[in-house]
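S.K.: Just so it is clear, I am handing over run_8.txt, which has compact mmCIF, C-alpha atoms.
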# COMPACT_ATOMS: atom_id res chain seq x y z
CA MET A 522 67.35 88.51 -33.74
CA ALA A 523 70.19 87.07 -31.80
CA THR A 524 73.81 86.13 -31.53
CA GLN A 525 73.85 82.46 -32.30
CA PRO A 526 70.66 83.94 -33.15
CA ASP A 527 66.98 84.22 -33.33
CA GLU A 528 67.36 83.21 -36.94
CA CYS A 529 70.98 82.15 -37.06
CA THR A 530 72.72 83.81 -39.98
CA GLY A 531 76.12 82.51 -38.97
CA ASN A 532 77.27 79.02 -38.14
CA ALA A 533 75.32 78.82 -34.90
CA LYS A 534 73.82 75.62 -33.68
CA SER A 535 70.11 74.97 -34.15
CA ASP A 536 69.42 74.97 -30.41
CA ALA A 537 70.50 78.64 -30.34
CA ARG A 538 67.70 79.69 -32.68
CA ARG A 539 64.48 81.21 -31.49
CA PRO A 540 61.73 78.58 -31.86
CA ILE A 541 59.39 79.84 -34.59
CA ALA A 542 56.57 77.65 -35.85
CA ALA A 543 56.29 79.66 -39.09
CA ARG A 544 59.59 78.20 -40.31
CA SER A 545 57.84 74.98 -41.25
CA SER A 546 54.96 76.70 -43.05
CA GLY A 547 54.61 76.27 -46.79
CA PHE A 548 54.59 80.04 -47.25
CA ALA A 549 57.96 80.48 -45.54
CA GLN A 550 59.46 77.53 -47.38
CA LYS A 551 58.34 78.88 -50.76
CA LEU A 552 59.69 82.35 -50.02
CA THR A 553 62.99 80.84 -48.93
CA GLN A 554 63.27 78.84 -52.12
CA ALA A 555 62.44 81.93 -54.17
CA LEU A 556 65.16 83.94 -52.39
CA LEU A 557 67.67 81.14 -52.93
CA LYS A 558 67.16 81.59 -56.67
CA THR A 559 68.42 85.16 -56.32
CA SER A 560 71.73 86.58 -55.15
CA PHE A 561 70.30 87.93 -51.87
CA THR A 562 72.37 87.04 -48.82
CA PRO A 563 71.10 86.55 -45.26
CA ASN A 564 73.03 89.63 -44.19
CA GLN A 565 71.29 91.76 -46.81
CA ILE A 566 67.91 90.47 -45.63
CA SER A 567 68.86 91.34 -42.05
CA VAL A 568 69.73 94.90 -43.09
CA ALA A 569 66.44 95.12 -45.01
CA SER A 570 64.63 94.52 -41.72
CA ILE A 571 65.99 97.88 -40.51
CA ALA A 572 64.53 99.63 -43.55
CA PHE A 573 61.10 98.08 -43.01
CA ALA A 574 61.21 98.87 -39.29
CA GLY A 575 62.19 102.46 -40.04
CA PHE A 576 59.35 102.72 -42.54
CA GLY A 577 56.91 101.39 -39.94
CA ALA A 578 58.32 103.60 -37.19
CA LEU A 579 57.98 106.74 -39.27
CA ALA A 580 54.38 105.85 -40.11
CA LEU A 581 53.61 105.11 -36.46
CA ALA A 582 55.05 108.42 -35.27
CA TYR A 583 52.74 110.35 -37.61
CA ALA A 584 49.74 108.04 -37.32
CA PRO A 585 47.95 109.97 -34.52
CA ALA A 586 47.54 112.88 -36.97
CA HIS A 587 46.89 110.62 -39.96
CA PRO A 588 45.23 107.42 -38.62
CA LEU A 589 45.45 105.43 -41.83
CA LEU A 590 49.21 105.38 -41.30
CA TYR A 591 48.58 102.80 -38.58
CA LEU A 592 48.05 100.34 -41.44
CA VAL A 593 51.42 101.31 -42.90
CA ALA A 594 53.01 100.85 -39.47
CA ILE A 595 51.51 97.35 -39.22
CA ALA A 596 52.90 96.50 -42.65
CA GLY A 597 56.36 97.74 -41.63
CA ILE A 598 56.32 95.69 -38.42
CA GLN A 599 55.25 92.52 -40.18
CA LEU A 600 57.74 92.92 -43.02
CA ARG A 601 60.47 93.43 -40.42
CA LEU A 602 59.46 90.16 -38.78
CA LEU A 603 59.34 88.42 -42.14
CA CYS A 604 62.94 89.47 -42.77
CA ASN A 605 63.83 88.14 -39.31
CA LEU A 606 62.36 84.79 -40.34
CA LEU A 607 63.80 84.56 -43.84
CA ASP A 608 67.38 85.64 -43.11
CA GLY A 609 67.88 82.59 -40.92
CA MET A 610 66.14 80.23 -43.29
CA VAL A 611 68.26 81.40 -46.20
CA ALA A 612 71.38 81.09 -44.02
CA VAL A 613 70.71 77.73 -42.39
CA GLU A 614 68.36 75.83 -44.67
CA GLY A 615 69.89 77.48 -47.75
CA GLY A 616 73.49 77.13 -46.59
CA ARG A 617 74.40 80.78 -47.16
CA GLY A 618 75.63 81.62 -43.67
CA SER A 619 78.69 83.85 -43.30
CA PRO A 620 81.34 84.21 -40.58
CA VAL A 621 79.95 87.64 -39.60
CA GLY A 622 76.34 86.50 -39.85
CA VAL A 623 75.89 86.52 -36.08
CA LEU A 624 76.59 90.26 -36.06
CA TYR A 625 74.09 90.96 -38.83
CA ASN A 626 71.63 88.75 -37.03
CA GLU A 627 71.83 90.69 -33.75
CA ILE A 628 72.61 94.35 -34.42
CA PRO A 629 69.83 95.07 -36.96
CA ASP A 630 67.30 93.64 -34.51
CA ARG A 631 68.35 96.06 -31.78
CA ILE A 632 68.13 98.98 -34.22
CA ALA A 633 64.71 97.88 -35.49
CA ASP A 634 63.36 97.40 -31.97
CA THR A 635 64.62 100.81 -30.91
CA MET A 636 63.08 102.64 -33.85
CA LEU A 637 59.68 101.03 -33.44
CA LEU A 638 59.48 101.39 -29.67
CA VAL A 639 60.71 104.98 -29.66
CA ALA A 640 58.11 105.73 -32.34
CA LEU A 641 55.48 104.12 -30.12
CA GLY A 642 56.42 106.55 -27.35
CA PHE A 643 56.09 109.55 -29.64
CA ALA A 644 52.77 108.29 -31.00
CA ALA A 645 51.49 107.72 -27.47
CA GLY A 646 52.47 111.24 -26.47
CA SER A 647 55.25 110.10 -24.12
CA PRO A 648 58.67 110.00 -25.84
CA SER A 649 60.44 109.12 -22.60
CA LEU A 650 58.22 106.06 -22.21
CA GLY A 651 59.17 104.93 -25.71
CA TRP A 652 62.87 105.28 -24.94
CA ALA A 653 62.36 103.33 -21.71
CA CYS A 654 60.67 100.54 -23.68
CA ALA A 655 63.58 100.46 -26.14
CA LEU A 656 66.12 100.28 -23.32
CA ALA A 657 64.24 97.50 -21.55
CA ALA A 658 63.92 95.54 -24.80
CA ALA A 659 67.67 95.87 -25.43
CA LEU A 660 68.35 94.66 -21.90
CA THR A 661 66.30 91.48 -22.46
CA ALA A 662 68.51 90.74 -25.47
CA TYR A 663 71.68 91.55 -23.54
CA ILE A 664 70.82 89.09 -20.79
CA ARG A 665 69.99 86.40 -23.37
CA VAL A 666 73.26 86.93 -25.23
CA PHE A 667 75.21 87.15 -21.97
CA GLY A 668 73.89 83.73 -21.02
CA GLY A 669 75.10 82.46 -24.39
CA ALA A 670 78.52 84.02 -23.76
CA LEU A 671 78.71 81.96 -20.57
CA GLY A 672 78.24 78.82 -22.63
CA GLN A 673 74.55 78.41 -21.86
CA VAL A 674 71.78 77.78 -24.37
CA GLN A 675 70.30 81.18 -25.15
CA ASP A 676 67.05 81.78 -23.30
CA PHE A 677 64.22 83.19 -25.42
CA ARG A 678 61.55 83.06 -22.73
CA GLY A 679 59.03 85.87 -22.22
CA PRO A 680 56.68 87.18 -21.08
CA MET A 681 57.77 89.99 -23.41
CA ALA A 682 60.29 88.59 -25.87
CA LYS A 683 60.65 90.13 -29.33
CA GLN A 684 57.75 88.27 -30.90
CA HIS A 685 55.49 89.26 -28.00
CA ARG A 686 56.51 92.93 -28.27
CA MET A 687 55.84 93.03 -31.98
CA ALA A 688 52.54 91.15 -31.68
CA LEU A 689 51.38 93.60 -29.02
CA LEU A 690 52.55 96.57 -31.08
CA THR A 691 50.73 95.26 -34.15
CA GLY A 692 47.53 94.76 -32.18
CA ALA A 693 47.87 98.19 -30.58
CA CYS A 694 48.18 99.82 -34.01
CA ALA A 695 45.02 98.08 -35.18
CA LEU A 696 43.07 99.13 -32.09
CA ALA A 697 44.51 102.65 -32.23
CA LEU A 698 43.10 103.01 -35.74
CA VAL A 699 39.63 102.19 -34.43
CA GLU A 700 40.14 104.43 -31.40
CA ALA A 701 41.19 107.35 -33.61
CA PHE A 702 37.87 107.33 -35.44
CA ILE A 703 35.72 106.83 -32.34
CA TRP A 704 37.35 108.77 -29.48
CA GLN A 705 40.25 110.66 -31.09
CA GLU A 706 42.44 109.55 -28.16
CA ARG A 707 45.70 107.59 -27.82
CA TYR A 708 44.97 105.50 -24.76
CA VAL A 709 45.58 102.21 -26.58
CA LEU A 710 49.14 103.18 -27.51
CA LEU A 711 49.90 104.43 -24.02
CA ILE A 712 48.62 101.22 -22.43
CA ALA A 713 50.57 99.12 -24.94
CA ALA A 714 53.78 101.02 -24.18
CA TRP A 715 53.40 100.45 -20.45
CA ILE A 716 52.69 96.75 -20.99
CA ILE A 717 55.81 96.44 -23.15
CA LEU A 718 57.93 98.26 -20.57
CA ILE A 719 56.70 96.30 -17.57
CA GLY A 720 56.68 93.02 -19.49
CA SER A 721 60.22 93.58 -20.74
CA LEU A 722 61.46 94.29 -17.23
CA VAL A 723 59.78 91.11 -15.98
CA THR A 724 61.43 89.24 -18.87
CA CYS A 725 64.81 90.61 -17.78
CA VAL A 726 64.21 89.23 -14.30
CA THR A 727 63.06 85.79 -15.50
CA ARG A 728 65.99 85.42 -17.89
CA LEU A 729 68.51 86.65 -15.35
CA LYS A 730 67.20 84.22 -12.74
CA ALA A 731 67.47 81.41 -15.27
CA VAL A 732 71.07 82.33 -16.11
CA ALA A 733 71.95 82.52 -12.40
CA GLY A 734 70.23 79.19 -11.75
CA ARG A 735 72.28 77.44 -14.44
CA ILE A 736 75.49 78.91 -13.01
CA GLU A 737 74.61 77.61 -9.53
CA GLU A 738 73.90 74.16 -10.94
CA GLN A 739 77.39 73.88 -12.41
CA PRO A 740 79.81 71.66 -10.44
Translate the structure of the given file into structure tokens.
M.R.:
Amino acid sequence: MATQPDECTGNAKSDARRPIAARSSGFAQKLTQALLKTSFTPNQISVASIAFAGFGALALAYAPAHPLLYLVAIAGIQLRLLCNLLDGMVAVEGGRGSPVGVLYNEIPDRIADTMLLVALGFAAGSPSLGWACALAAALTAYIRVFGGALGQVQDFRGPMAKQHRMALLTGACALALVEAFIWQERYVLLIAAWIILIGSLVTCVTRLKAVAGRIEEQP
């Protein structure tokens, strides 16, 4: 998520939200309306994303020894993303934003990313690679938020933004499940981790160049 966020749990402007097509889906709208009938706040939903990510990360870390846990990891990743979608919809469309919403919208995302990517490293047999992925992912968010702190519109471009990382991780878990029953290897996870690391570093460069370009364009 983001400060003046991915999903905007505070009073951020709409142009600071990550563009997500699923917001307009009937499924998302119905879930939002259902949540608005409860006492759940956007901040609570943001914190719930950490729990789901932790659940998925734990499953992923143990999945090489128990392959069916890859399915649990996929569920954890997707539920984390669903929370990322719904917290903003409840805040903005539902009018339940809070003054500290921007903090809840950003910090849980960094924690969730770190847990899942570190778990990927352990599952792939290279913990240091997982930590490197987590650091690179955090740096992409830092550059985005830093641009926002300079008064720029936050830049959510890839090639390895959050949604791309999680899509790749989900796909890798699915392929790793097949790989576990055919070759008993972890090549898929290792390749996915390297793609996430390299892609995140490229994303850092593209976002940083964009921030610098906007600064140079200022009178």
S.K.: So which residues touch Met687 in chain A within 12 Å, counting only C-alpha atoms, skipping near sequence neighbours fewer than 4 positions away, as a PyMOL selection string?
M.R.: chain A and resi 574+577+594-603+605+630+633-635+637-638+641+658+681-683+691-694+713-714+717
S.K.: From the list A:Val593, A:Ile716, A:Leu606, A:Ala695, which residue is nearest Leu552 in chain A when using only C-alpha atoms?
M.R.: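 Closest to Leu552 in chain A of all the choices is A:Leu606.
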S.K.: Please indicate the distance in Å from CA of Gly679 in chain A to CA of Leu581 in chain A, rounded to one decimal place.
M.R.: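 If I compute the distance from CA of Gly679 in chain A to CA of Leu581 in chain A, I get 24.5 Å.
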S.K.: For each of A:Ala555, A:Phe561, A:Leu607, A:Ala640, take the minimum atom-to-atom distance to Ala578 in chain A, counting all atoms listed in the file, then give the residue where this is smallest.
M.R.: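 Smallest separation from Ala578 in chain A among the options: A:Ala640.
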S.K.: If I take CA of Tyr625 in chain A and CA of Ser567 in chain A, how far is one from the other in Å, to one decimal?
M.R.: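 According to the coordinates, CA of Tyr625 in chain A and CA of Ser567 in chain A are separated by 6.2 Å.
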